[in-house]
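Next comes model04.cif, with mmCIF, C-alpha atoms.
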data_model
loop_
_atom_site.group_PDB
_atom_site.id
_atom_site.type_symbol
_atom_site.label_atom_id
_atom_site.label_comp_id
_atom_site.auth_asym_id
_atom_site.auth_seq_id
_atom_site.Cartn_x
_atom_site.Cartn_y
_atom_site.Cartn_z
ATOM 1 C CA MET A 107 21.363 -15.870 -6.779
ATOM 2 C CA ALA A 108 17.841 -14.522 -6.987
ATOM 3 C CA LYS A 109 16.819 -11.303 -8.661
ATOM 4 C CA PHE A 110 14.048 -9.083 -7.312
ATOM 5 C CA ALA A 111 12.366 -5.814 -8.247
ATOM 6 C CA THR A 112 10.640 -3.257 -6.101
ATOM 7 C CA LYS A 113 9.220 0.237 -6.296
ATOM 8 C CA LEU A 114 9.629 3.173 -3.971
ATOM 9 C CA SER A 115 7.560 6.315 -4.022
ATOM 10 C CA LYS A 116 7.493 9.638 -2.273
ATOM 11 C CA THR A 117 4.221 11.516 -2.004
ATOM 12 C CA SER A 118 3.655 15.218 -1.442
ATOM 13 C CA ALA A 119 2.669 14.450 2.173
ATOM 14 C CA ASN A 120 6.260 13.450 2.904
ATOM 15 C CA SER A 121 8.013 16.777 3.076
ATOM 16 C CA PHE A 122 11.486 15.456 3.733
ATOM 17 C CA GLN A 123 14.499 13.998 1.988
ATOM 18 C CA ALA A 124 13.948 10.250 1.811
ATOM 19 C CA ILE A 125 12.276 8.582 -1.178
ATOM 20 C CA GLY A 126 12.797 5.004 -0.069
ATOM 21 C CA THR A 127 15.217 2.511 1.375
ATOM 22 C CA ILE A 128 16.462 -0.974 0.577
ATOM 23 C CA THR A 129 17.781 -2.763 3.646
ATOM 24 C CA CYS A 130 18.573 -6.273 4.768
ATOM 25 C CA SER A 131 16.405 -8.074 7.314
ATOM 26 C CA ALA A 132 18.632 -11.045 8.068
ATOM 27 C CA THR A 133 22.249 -12.100 8.144
ATOM 28 C CA THR A 134 22.001 -14.808 5.532
ATOM 29 C CA ARG A 135 22.309 -13.064 2.176
ATOM 30 C CA ARG A 136 23.736 -9.865 0.746
ATOM 31 C CA ALA A 137 22.086 -7.951 -2.036
ATOM 32 C CA GLU A 138 23.520 -6.042 -4.951
ATOM 33 C CA VAL A 139 21.408 -3.177 -6.292
ATOM 34 C CA TYR A 140 22.208 -3.060 -9.999
ATOM 35 C CA ASP A 141 19.397 -1.028 -11.510
ATOM 36 C CA LEU A 142 17.711 2.193 -10.373
ATOM 37 C CA PHE A 143 15.274 4.304 -12.366
ATOM 38 C CA LEU A 144 13.864 7.520 -11.026
ATOM 39 C CA GLY A 145 11.446 10.190 -12.130
ATOM 40 C CA SER A 146 8.714 12.509 -10.941
ATOM 41 C CA TYR A 147 5.074 12.246 -11.944
ATOM 42 C CA GLN A 148 4.216 15.637 -10.510
ATOM 43 C CA SER A 149 2.931 18.381 -12.814
ATOM 44 C CA PRO A 150 5.983 19.492 -14.800
ATOM 45 C CA ALA A 151 7.891 22.324 -13.163
ATOM 46 C CA ASP A 152 11.363 23.738 -13.541
ATOM 47 C CA ALA A 153 12.874 22.629 -10.283
ATOM 48 C CA ALA A 154 16.327 21.195 -9.771
ATOM 49 C CA PHE A 155 17.096 18.426 -7.327
ATOM 50 C CA THR A 156 20.199 16.619 -6.201
ATOM 51 C CA TYR A 157 19.527 12.921 -5.871
ATOM 52 C CA GLN A 158 21.630 10.832 -3.552
ATOM 53 C CA VAL A 159 22.075 7.225 -2.584
ATOM 54 C CA GLN A 160 23.405 7.022 0.968
ATOM 55 C CA ARG A 161 24.181 4.124 3.287
ATOM 56 C CA VAL A 162 22.049 3.498 6.362
ATOM 57 C CA THR A 163 22.871 1.459 9.450
ATOM 58 C CA THR A 164 20.507 0.386 12.269
ATOM 59 C CA PHE A 165 17.810 1.932 10.178
ATOM 60 C CA THR A 166 14.401 2.931 11.522
ATOM 61 C CA TRP A 167 11.683 4.809 9.674
ATOM 62 C CA ALA A 168 8.497 5.755 11.501
ATOM 63 C CA SER A 169 5.294 4.350 9.933
ATOM 64 C CA ALA A 170 7.068 3.409 6.709
ATOM 65 C CA THR A 171 5.302 1.132 4.243
ATOM 66 C CA ALA A 172 7.139 -2.133 3.632
ATOM 67 C CA ARG A 173 7.328 -3.026 -0.063
ATOM 68 C CA VAL A 174 7.688 -6.744 -0.593
ATOM 69 C CA PRO A 175 10.144 -7.250 -3.452
ATOM 70 C CA ASN A 176 8.910 -9.382 -6.327
ATOM 71 C CA ALA A 177 11.050 -12.123 -7.800
ATOM 72 C CA LEU A 178 11.952 -11.462 -11.438
ATOM 73 C CA ASP A 179 11.829 -15.208 -11.979
ATOM 74 C CA PRO A 180 8.623 -16.473 -10.334
ATOM 75 C CA GLY A 181 10.068 -19.968 -10.398
ATOM 76 C CA ASN A 182 12.966 -19.281 -8.058
ATOM 77 C CA GLY A 183 10.828 -20.133 -5.005
ATOM 78 C CA GLN A 184 12.949 -17.993 -2.713
ATOM 79 C CA ALA A 185 11.528 -15.119 -0.671
ATOM 80 C CA ALA A 186 13.622 -11.973 -0.472
ATOM 81 C CA VAL A 187 15.435 -11.229 2.780
ATOM 82 C CA THR A 188 15.894 -7.680 1.563
ATOM 83 C CA VAL A 189 13.167 -5.221 2.528
ATOM 84 C CA ALA A 190 12.162 -2.068 0.690
ATOM 85 C CA SER A 191 10.404 0.749 2.559
ATOM 86 C CA ASP A 192 8.903 4.086 1.631
ATOM 87 C CA ARG A 193 6.310 6.686 2.706
ATOM 88 C CA GLY A 194 7.346 7.064 6.333
ATOM 89 C CA THR A 195 6.009 9.918 8.431
ATOM 90 C CA ALA A 196 9.383 11.400 9.331
ATOM 91 C CA GLU A 197 12.944 11.330 8.112
ATOM 92 C CA PRO A 198 14.530 7.874 8.572
ATOM 93 C CA THR A 199 17.304 7.673 11.128
ATOM 94 C CA ALA A 200 20.853 6.455 10.887
ATOM 95 C CA TYR A 201 22.069 7.711 7.523
ATOM 96 C CA THR A 202 25.778 6.912 7.597
ATOM 97 C CA ALA A 203 27.583 10.256 7.544
ATOM 98 C CA ASP A 204 29.335 10.988 4.247
ATOM 99 C CA ALA A 205 28.654 7.472 2.911
ATOM 100 C CA PHE A 206 27.202 8.605 -0.404
ATOM 101 C CA LEU A 207 27.155 5.981 -3.097
ATOM 102 C CA LEU A 208 25.723 8.057 -5.915
ATOM 103 C CA ASN A 209 25.048 11.754 -6.384
ATOM 104 C CA TRP A 210 23.586 13.485 -9.368
ATOM 105 C CA ALA A 211 21.724 16.725 -10.016
ATOM 106 C CA MET A 212 18.802 16.743 -12.393
ATOM 107 C CA ASN A 213 15.774 18.795 -13.365
ATOM 108 C CA GLN A 214 12.429 17.513 -12.111
ATOM 109 C CA ARG A 215 11.232 17.138 -15.714
ATOM 110 C CA CYS A 216 13.930 14.566 -16.472
ATOM 111 C CA SER A 217 14.037 10.935 -15.545
ATOM 112 C CA ALA A 218 17.151 8.843 -15.102
ATOM 113 C CA ARG A 219 18.247 5.254 -15.072
ATOM 114 C CA TRP A 220 21.449 3.818 -13.664
ATOM 115 C CA GLN A 221 22.512 0.285 -14.496
ATOM 116 C CA ALA A 222 25.609 -1.441 -13.202
ATOM 117 C CA ALA A 223 27.637 -4.050 -15.013
ATOM 118 C CA PRO A 224 27.521 -7.430 -13.228
ATOM 119 C CA GLY A 225 29.582 -7.264 -10.032
ATOM 120 C CA PHE A 226 29.681 -3.471 -9.896
ATOM 121 C CA GLY A 227 26.400 -2.694 -8.113
ATOM 122 C CA MET A 228 25.806 -1.175 -4.704
ATOM 123 C CA ILE A 229 26.104 -3.829 -2.022
ATOM 124 C CA VAL A 230 23.635 -4.184 0.836
ATOM 125 C CA PRO A 231 25.477 -6.042 3.641
ATOM 126 C CA ALA A 232 23.999 -9.159 5.194
ATOM 127 C CA THR A 233 23.263 -7.220 8.372
ATOM 128 C CA ASN A 234 19.842 -6.562 9.816
ATOM 129 C CA LEU A 235 18.685 -2.944 9.264
ATOM 130 C CA ALA A 236 21.676 -1.983 7.117
ATOM 131 C CA GLY A 237 21.405 -0.976 3.504
ATOM 132 C CA ILE A 238 20.946 2.024 1.252
ATOM 133 C CA ALA A 239 18.545 4.956 1.096
ATOM 134 C CA LEU A 240 17.509 6.817 -2.029
ATOM 135 C CA LYS A 241 17.005 10.439 -1.068
ATOM 136 C CA LEU A 242 17.186 14.076 -2.059
ATOM 137 C CA GLU A 243 19.746 16.513 -0.731
ATOM 138 C CA ALA A 244 17.107 18.861 0.702
ATOM 139 C CA ASN A 245 13.615 18.521 2.097
ATOM 140 C CA THR A 246 10.894 18.766 -0.514
ATOM 141 C CA ALA A 247 7.211 18.014 -0.945
ATOM 142 C CA ALA A 248 7.754 17.008 -4.587
ATOM 143 C CA ILE A 249 6.523 13.588 -5.716
ATOM 144 C CA PHE A 250 8.997 10.965 -6.941
ATOM 145 C CA GLU A 251 8.789 7.404 -8.123
ATOM 146 C CA CYS A 252 11.702 4.995 -8.178
ATOM 147 C CA GLY A 253 12.114 1.456 -9.403
ATOM 148 C CA ALA A 254 14.962 -0.731 -8.258
ATOM 149 C CA GLN A 255 16.240 -4.176 -9.084
ATOM 150 C CA PHE A 256 18.642 -6.177 -6.987
ATOM 151 C CA ASP A 257 20.279 -9.531 -6.805
ATOM 152 C CA GLU A 258 20.556 -11.510 -3.568
ATOM 153 C CA PHE A 259 23.545 -13.768 -3.151
ATOM 154 C CA MET B 33 35.363 4.759 -21.482
ATOM 155 C CA ARG B 34 36.586 1.232 -22.166
ATOM 156 C CA ASN B 35 35.135 -1.415 -19.850
ATOM 157 C CA ALA B 36 32.683 0.927 -18.121
ATOM 158 C CA GLN B 37 31.242 -0.513 -14.925
ATOM 159 C CA GLY B 38 27.826 1.012 -15.334
ATOM 160 C CA ASN B 39 25.714 3.376 -17.333
ATOM 161 C CA MET B 40 23.658 6.434 -16.370
ATOM 162 C CA LEU B 41 20.962 7.459 -18.825
ATOM 163 C CA VAL B 42 19.177 10.802 -18.344
ATOM 164 C CA MET B 43 16.068 11.451 -20.422
ATOM 165 C CA ASP B 44 14.977 15.059 -20.982
ATOM 166 C CA PRO B 45 11.310 15.876 -21.604
ATOM 167 C CA ASN B 46 12.145 17.048 -25.141
ATOM 168 C CA GLY B 47 13.368 13.575 -26.012
ATOM 169 C CA THR B 48 17.099 14.120 -25.657
ATOM 170 C CA LYS B 49 18.972 11.262 -24.040
ATOM 171 C CA THR B 50 22.313 11.780 -22.319
ATOM 172 C CA GLU B 51 24.422 8.771 -21.452
ATOM 173 C CA HIS B 52 27.329 8.664 -19.030
ATOM 174 C CA ASP B 53 29.593 5.811 -18.048
ATOM 175 C CA THR B 54 29.981 5.128 -14.358
ATOM 176 C CA ILE B 55 32.656 3.444 -12.283
ATOM 177 C CA THR B 56 32.153 1.738 -8.935
ATOM 178 C CA CYS B 57 34.885 2.409 -6.384
ATOM 179 C CA GLY B 58 36.581 -0.792 -5.246
ATOM 180 C CA HIS B 59 37.196 0.582 -1.759
ATOM 181 C CA CYS B 60 33.969 2.436 -0.797
ATOM 182 C CA ASN B 61 31.454 0.974 -3.312
ATOM 183 C CA GLY B 62 30.450 4.504 -4.375
ATOM 184 C CA VAL B 63 29.289 5.028 -7.956
ATOM 185 C CA HIS B 64 30.873 7.887 -9.895
ATOM 186 C CA VAL B 65 29.400 9.353 -13.035
ATOM 187 C CA MET B 66 32.075 10.098 -15.615
ATOM 188 C CA ALA B 67 32.030 13.128 -17.862
ATOM 189 C CA PRO B 68 31.993 12.172 -21.568
ATOM 190 C CA LYS B 69 35.464 11.309 -22.897
ATOM 191 C CA ASP B 70 36.989 11.880 -19.460
ATOM 192 C CA ALA B 71 39.298 8.926 -18.976
ATOM 193 C CA TYR B 72 40.992 10.601 -16.016
ATOM 194 C CA GLY B 73 37.880 11.544 -14.036
ATOM 195 C CA VAL B 74 38.360 8.618 -11.712
ATOM 196 C CA GLY B 75 40.781 8.872 -8.816
ATOM 197 C CA ARG B 76 43.182 6.107 -9.768
ATOM 198 C CA TYR B 77 43.472 2.389 -10.361
ATOM 199 C CA CYS B 78 44.455 0.286 -7.349
ATOM 200 C CA THR B 79 47.039 -2.234 -8.474
ATOM 201 C CA LEU B 80 46.623 -4.295 -5.286
ATOM 202 C CA CYS B 81 42.918 -5.075 -5.605
ATOM 203 C CA ALA B 82 42.742 -4.317 -9.335
ATOM 204 C CA ARG B 83 39.758 -1.977 -9.051
ATOM 205 C CA HIS B 84 39.077 1.636 -9.967
ATOM 206 C CA LEU B 85 38.985 4.063 -7.038
ATOM 207 C CA CYS B 86 36.991 7.242 -6.552
ATOM 208 C CA PRO B 87 38.886 10.525 -6.035
ATOM 209 C CA GLY B 88 38.270 10.354 -2.255
ATOM 210 C CA CYS B 89 39.632 6.839 -1.802
ATOM 211 C CA ALA B 90 42.505 7.589 -4.192
ATOM 212 C CA GLN B 91 43.954 9.918 -1.534
ATOM 213 C CA ILE B 92 44.374 6.999 0.874
ATOM 214 C CA GLU B 93 47.462 4.926 0.269
ATOM 215 C CA LYS B 94 46.239 1.788 2.060
ATOM 216 C CA CYS B 95 44.277 -0.780 0.043
ATOM 217 C CA THR B 96 41.115 -1.851 1.876
ATOM 218 C CA PRO B 97 38.840 -3.637 -0.604
ATOM 219 C CA PHE B 98 35.139 -3.109 -0.041
ATOM 220 C CA GLU B 99 34.705 -6.843 0.502
ATOM 221 C CA LYS B 100 36.920 -6.560 3.592
ATOM 222 C CA ARG B 101 34.793 -3.684 4.937
ATOM 223 C CA LEU B 102 31.624 -5.680 4.342
ATOM 224 C CA GLU B 103 33.017 -8.615 6.273
ATOM 225 C CA ALA B 104 33.914 -6.283 9.165
ATOM 226 C CA ILE B 105 30.377 -4.815 9.223
ATOM 227 C CA GLU B 106 28.806 -8.266 9.169
ATOM 228 C CA ARG B 107 31.187 -9.700 11.778
ATOM 229 C CA SER B 108 30.529 -6.870 14.243
ATOM 230 C CA THR B 109 26.769 -7.388 13.938
ATOM 231 C CA GLN B 110 27.094 -11.144 14.397
ATOM 232 C CA LEU B 111 29.242 -10.534 17.487
ATOM 233 C CA MET B 112 26.699 -8.132 18.970
ATOM 234 C CA GLN B 113 23.907 -10.640 18.313
ATOM 235 C CA ALA B 114 25.923 -13.411 19.942
ATOM 236 C CA MET B 115 26.401 -11.178 22.975
ATOM 237 C CA GLY B 116 22.692 -10.442 23.048
ATOM 238 C CA ILE B 117 23.099 -6.719 22.441
#
This structure in structure tokens:
Amino acid sequence: MAKFATKLSKTSANSFQAIGTITCSATTRRAEVYDLFLGSYQSPADAAFTYQVQRVTTFTWASATARVPNALDPGNGQAAVTVASDRGTAEPTAYTADAFLLNWAMNQRCSARWQAAPGFGMIVPATNLAGIALKLEANTAAIFECGAQFDEF
Amino acid sequence: MRNAQGNMLVMDPNGTKTEHDTITCGHCNGVHVMAPKDAYGVGRYCTLCARHLCPGCAQIEKCTPFEKRLEAIERSTQLMQAMGI
């Protein structure tokens, strides 16, 4: 068990749905995403968004930036096999149809945090290029920032 | 809700905080935000795997725990890798 944290961000240059993804890069360990916090640092505006967490399989995202997750305990000496990505130049491929793990609508001025009790997080399978994507229901140029914490086991 | 499986906290710019309990479906791993004091907002409780189910999975009679689905996903990938696909 090793806990990691990462950040995902969507800039105004990315005028599409995805904010970021958390996927597995190997077949050795699963991950459980247990904490997500999301908000927008754009100039305040009254705009409503529907946020979604959706599964991805055989995921590819053109020119995405890989975010190396940081261990919450620097002494664990274990590198993450889970990969976080954001800021691609097009919509990522291979969202799993109808596999929504979390949906909620919220004004852009609000921020939200979801925390799972131990054992009740969203599971990233130990399968290369499979995992979850944090996204919006519709394309937008709005700026978002997301933090995520997960546990590999 | 007693024994909530998660918590969703929404912070408004005027300082108001709204908290909701969440449940995680034992069959699809989806997270469902519960309305306050809504004990019946979830689909149902699966007595076979002893987990709460979302309304979508509650319509399906068969019990397929998410762990079983995960194993199937991982096995199919391992098989494809072994075959060099």
What residues have an atom no more than 8 Å from (16.4, -10.2, -0.2) in the file's own frame, counting all atoms listed in the file, and can you write them as a ChimeraX atom specification? /A:110,130-131,135-137,175,185-189,257-258
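Each of B:Ile92, B:Cys60, B:Val65, B:Cys81 was compared to Val42 of chain B using all atoms listed in the file, and B:Val65 turns out to be the nearest.
Coordinates place atom CA of Thr156 of chain A at a distance of 12.4 Å from atom CA of Ile125 of chain A.
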Using only C-alpha atoms, give me every residue within 10 Å of (9.6, -8.8, -8.4) in file coordinates, as an mmCIF file with C-alpha atoms, keeping the file's coordinate frame.
data_model
loop_
_atom_site.group_PDB
_atom_site.id
_atom_site.type_symbol
_atom_site.label_atom_id
_atom_site.label_comp_id
_atom_site.auth_asym_id
_atom_site.auth_seq_id
_atom_site.Cartn_x
_atom_site.Cartn_y
_atom_site.Cartn_z
ATOM 1 C CA LYS A 109 16.819 -11.303 -8.661
ATOM 2 C CA PHE A 110 14.048 -9.083 -7.312
ATOM 3 C CA ALA A 111 12.366 -5.814 -8.247
ATOM 4 C CA THR A 112 10.640 -3.257 -6.101
ATOM 5 C CA LYS A 113 9.220 0.237 -6.296
ATOM 6 C CA VAL A 174 7.688 -6.744 -0.593
ATOM 7 C CA PRO A 175 10.144 -7.250 -3.452
ATOM 8 C CA ASN A 176 8.910 -9.382 -6.327
ATOM 9 C CA ALA A 177 11.050 -12.123 -7.800
ATOM 10 C CA LEU A 178 11.952 -11.462 -11.438
ATOM 11 C CA ASP A 179 11.829 -15.208 -11.979
ATOM 12 C CA PRO A 180 8.623 -16.473 -10.334
ATOM 13 C CA ALA A 186 13.622 -11.973 -0.472
ATOM 14 C CA ALA A 254 14.962 -0.731 -8.258
ATOM 15 C CA GLN A 255 16.240 -4.176 -9.084
ATOM 16 C CA PHE A 256 18.642 -6.177 -6.987
#
Distance table requested - chain B against chain A, cut-off 6 Å, all atoms listed in the file: one row per qualifying residue with the closest atom pair and its distance in Å to one decimal, ordered by chain and rising residue number, as a Markdown table.
| residue | atom | partner | partner_atom | distance |
| --- | --- | --- | --- | --- |
| B:Gln37 | CA | A:Ala223 | CA | 5.1 |
| B:Gly38 | CA | A:Ala222 | CA | 3.9 |
| B:Asn39 | CA | A:Gln221 | CA | 5.3 |
| B:Met40 | CA | A:Trp220 | CA | 4.4 |
| B:Leu41 | CA | A:Arg219 | CA | 5.1 |
| B:Val42 | CA | A:Ala218 | CA | 4.3 |
| B:Met43 | CA | A:Ser217 | CA | 5.3 |
| B:Asp44 | CA | A:Cys216 | CA | 4.7 |
| B:Pro45 | CA | A:Cys216 | CA | 5.9 |
| B:Thr56 | CA | A:Phe226 | CA | 5.8 |
| B:Gly62 | CA | A:Leu207 | CA | 3.8 |
| B:Val63 | CA | A:Leu208 | CA | 5.1 |
| B:Glu106 | CA | A:Thr233 | CA | 5.7 |
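Closest to Ser149 of chain A among A:Ser118, A:Phe259, A:Met107, A:Tyr201 is A:Ser118, based on only C-alpha atoms.
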Expanded to explicit residues, what is the PyMOL selection byres ((chain A and resi 249) around 12) for this file, as an MDAnalysis selection string? chainID A and resid 114:125 144:151 153 155 193 214:215 241:242 245:248 250:252
Need the shell around segment 83-87 of chain B: protein/DNA/RNA residues with any atom at most 9 Å away, counting all atoms listed in the file. Skip same-chain ones fewer than 5 positions apart. Format as an mmCIF file with C-alpha atoms, in the frame of the given file?
data_model
loop_
_atom_site.group_PDB
_atom_site.id
_atom_site.type_symbol
_atom_site.label_atom_id
_atom_site.label_comp_id
_atom_site.auth_asym_id
_atom_site.auth_seq_id
_atom_site.Cartn_x
_atom_site.Cartn_y
_atom_site.Cartn_z
ATOM 1 C CA ILE B 55 32.656 3.444 -12.283
ATOM 2 C CA THR B 56 32.153 1.738 -8.935
ATOM 3 C CA CYS B 57 34.885 2.409 -6.384
ATOM 4 C CA GLY B 58 36.581 -0.792 -5.246
ATOM 5 C CA HIS B 59 37.196 0.582 -1.759
ATOM 6 C CA CYS B 60 33.969 2.436 -0.797
ATOM 7 C CA ASN B 61 31.454 0.974 -3.312
ATOM 8 C CA GLY B 62 30.450 4.504 -4.375
ATOM 9 C CA VAL B 63 29.289 5.028 -7.956
ATOM 10 C CA HIS B 64 30.873 7.887 -9.895
ATOM 11 C CA GLY B 73 37.880 11.544 -14.036
ATOM 12 C CA VAL B 74 38.360 8.618 -11.712
ATOM 13 C CA GLY B 75 40.781 8.872 -8.816
ATOM 14 C CA ARG B 76 43.182 6.107 -9.768
ATOM 15 C CA TYR B 77 43.472 2.389 -10.361
ATOM 16 C CA CYS B 78 44.455 0.286 -7.349
ATOM 17 C CA PRO B 97 38.840 -3.637 -0.604
#
Expansion of the PyMOL selection byres ((chain A and resi 198) around 10) into residues, as a ChimeraX atom specification: /A:122-124,126-127,162,165-170,192,194-197,199-201,239
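In this model, the gap between atom CA of Ala132 of chain A and atom CA of Gln110 of chain B comes to 10.6 Å.
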Have a look at atom CA of Leu235 of chain A and atom CA of Thr164 of chain A and let me know their distance in Å, one decimal. 4.8 Å
When you write segment 50-59 of chain B out from the block above, keep all heavy atoms and present the result as an mmCIF file, in the first residue's frame, please.
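To be explicit, this is the file written out as part_12.cif:
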data_model
loop_
_atom_site.group_PDB
_atom_site.id
_atom_site.type_symbol
_atom_site.label_atom_id
_atom_site.label_comp_id
_atom_site.auth_asym_id
_atom_site.auth_seq_id
_atom_site.Cartn_x
_atom_site.Cartn_y
_atom_site.Cartn_z
ATOM 1 N N THR B 50 -21.959 22.795 1.683
ATOM 2 C CA THR B 50 -23.016 21.786 1.600
ATOM 3 C C THR B 50 -22.353 20.421 1.588
ATOM 4 O O THR B 50 -21.458 20.175 0.790
ATOM 5 C CB THR B 50 -23.832 21.953 0.302
ATOM 6 O OG1 THR B 50 -24.093 23.336 0.113
ATOM 7 C CG2 THR B 50 -25.126 21.185 0.355
ATOM 8 N N GLU B 51 -22.796 19.568 2.486
ATOM 9 C CA GLU B 51 -22.206 18.225 2.561
ATOM 10 C C GLU B 51 -23.225 17.173 2.176
ATOM 11 O O GLU B 51 -24.399 17.270 2.541
ATOM 12 C CB GLU B 51 -21.738 17.944 3.991
ATOM 13 C CG GLU B 51 -20.405 18.575 4.296
ATOM 14 C CD GLU B 51 -19.783 18.006 5.558
ATOM 15 O OE1 GLU B 51 -19.443 16.811 5.561
ATOM 16 O OE2 GLU B 51 -19.665 18.768 6.532
ATOM 17 N N HIS B 52 -22.786 16.198 1.404
ATOM 18 C CA HIS B 52 -23.645 15.081 1.021
ATOM 19 C C HIS B 52 -22.894 13.784 1.298
ATOM 20 O O HIS B 52 -21.693 13.694 1.057
ATOM 21 C CB HIS B 52 -23.971 15.129 -0.469
ATOM 22 C CG HIS B 52 -24.719 16.350 -0.888
ATOM 23 N ND1 HIS B 52 -26.071 16.489 -0.731
ATOM 24 C CD2 HIS B 52 -24.294 17.496 -1.464
ATOM 25 C CE1 HIS B 52 -26.450 17.662 -1.190
ATOM 26 N NE2 HIS B 52 -25.386 18.298 -1.639
ATOM 27 N N ASP B 53 -23.619 12.795 1.735
ATOM 28 C CA ASP B 53 -23.028 11.451 1.840
ATOM 29 C C ASP B 53 -23.013 10.823 0.460
ATOM 30 O O ASP B 53 -23.835 11.163 -0.388
ATOM 31 C CB ASP B 53 -23.864 10.575 2.782
ATOM 32 C CG ASP B 53 -23.769 11.048 4.214
ATOM 33 O OD1 ASP B 53 -22.731 11.637 4.557
ATOM 34 O OD2 ASP B 53 -24.724 10.849 4.981
ATOM 35 N N THR B 54 -22.085 9.928 0.236
ATOM 36 C CA THR B 54 -22.071 9.191 -1.025
ATOM 37 C C THR B 54 -22.016 7.689 -0.733
ATOM 38 O O THR B 54 -21.554 7.274 0.329
ATOM 39 C CB THR B 54 -20.858 9.568 -1.907
ATOM 40 O OG1 THR B 54 -19.649 9.162 -1.264
ATOM 41 C CG2 THR B 54 -20.809 11.050 -2.200
ATOM 42 N N ILE B 55 -22.496 6.915 -1.686
ATOM 43 C CA ILE B 55 -22.326 5.463 -1.606
ATOM 44 C C ILE B 55 -21.580 5.014 -2.863
ATOM 45 O O ILE B 55 -21.648 5.664 -3.893
ATOM 46 C CB ILE B 55 -23.652 4.687 -1.471
ATOM 47 C CG1 ILE B 55 -24.540 4.914 -2.701
ATOM 48 C CG2 ILE B 55 -24.385 5.036 -0.209
ATOM 49 C CD1 ILE B 55 -25.050 3.653 -3.290
ATOM 50 N N THR B 56 -20.845 3.943 -2.746
ATOM 51 C CA THR B 56 -20.112 3.393 -3.885
ATOM 52 C C THR B 56 -20.755 2.066 -4.249
ATOM 53 O O THR B 56 -20.832 1.160 -3.402
ATOM 54 C CB THR B 56 -18.628 3.190 -3.509
ATOM 55 O OG1 THR B 56 -18.129 4.434 -3.001
ATOM 56 C CG2 THR B 56 -17.806 2.772 -4.711
ATOM 57 N N CYS B 57 -21.222 1.960 -5.478
ATOM 58 C CA CYS B 57 -21.945 0.757 -5.913
ATOM 59 C C CYS B 57 -21.016 -0.459 -5.881
ATOM 60 O O CYS B 57 -19.905 -0.415 -6.414
ATOM 61 C CB CYS B 57 -22.507 0.966 -7.316
ATOM 62 S SG CYS B 57 -23.354 -0.477 -7.956
ATOM 63 N N GLY B 58 -21.473 -1.531 -5.295
ATOM 64 C CA GLY B 58 -20.662 -2.741 -5.183
ATOM 65 C C GLY B 58 -20.550 -3.515 -6.484
ATOM 66 O O GLY B 58 -19.743 -4.423 -6.595
ATOM 67 N N HIS B 59 -21.371 -3.174 -7.470
ATOM 68 C CA HIS B 59 -21.331 -3.903 -8.737
ATOM 69 C C HIS B 59 -20.644 -3.117 -9.852
ATOM 70 O O HIS B 59 -20.039 -3.727 -10.725
ATOM 71 C CB HIS B 59 -22.751 -4.273 -9.184
ATOM 72 C CG HIS B 59 -23.371 -5.351 -8.343
ATOM 73 N ND1 HIS B 59 -24.602 -5.895 -8.602
ATOM 74 C CD2 HIS B 59 -22.907 -5.998 -7.239
ATOM 75 C CE1 HIS B 59 -24.889 -6.832 -7.700
ATOM 76 N NE2 HIS B 59 -23.870 -6.893 -6.849
#
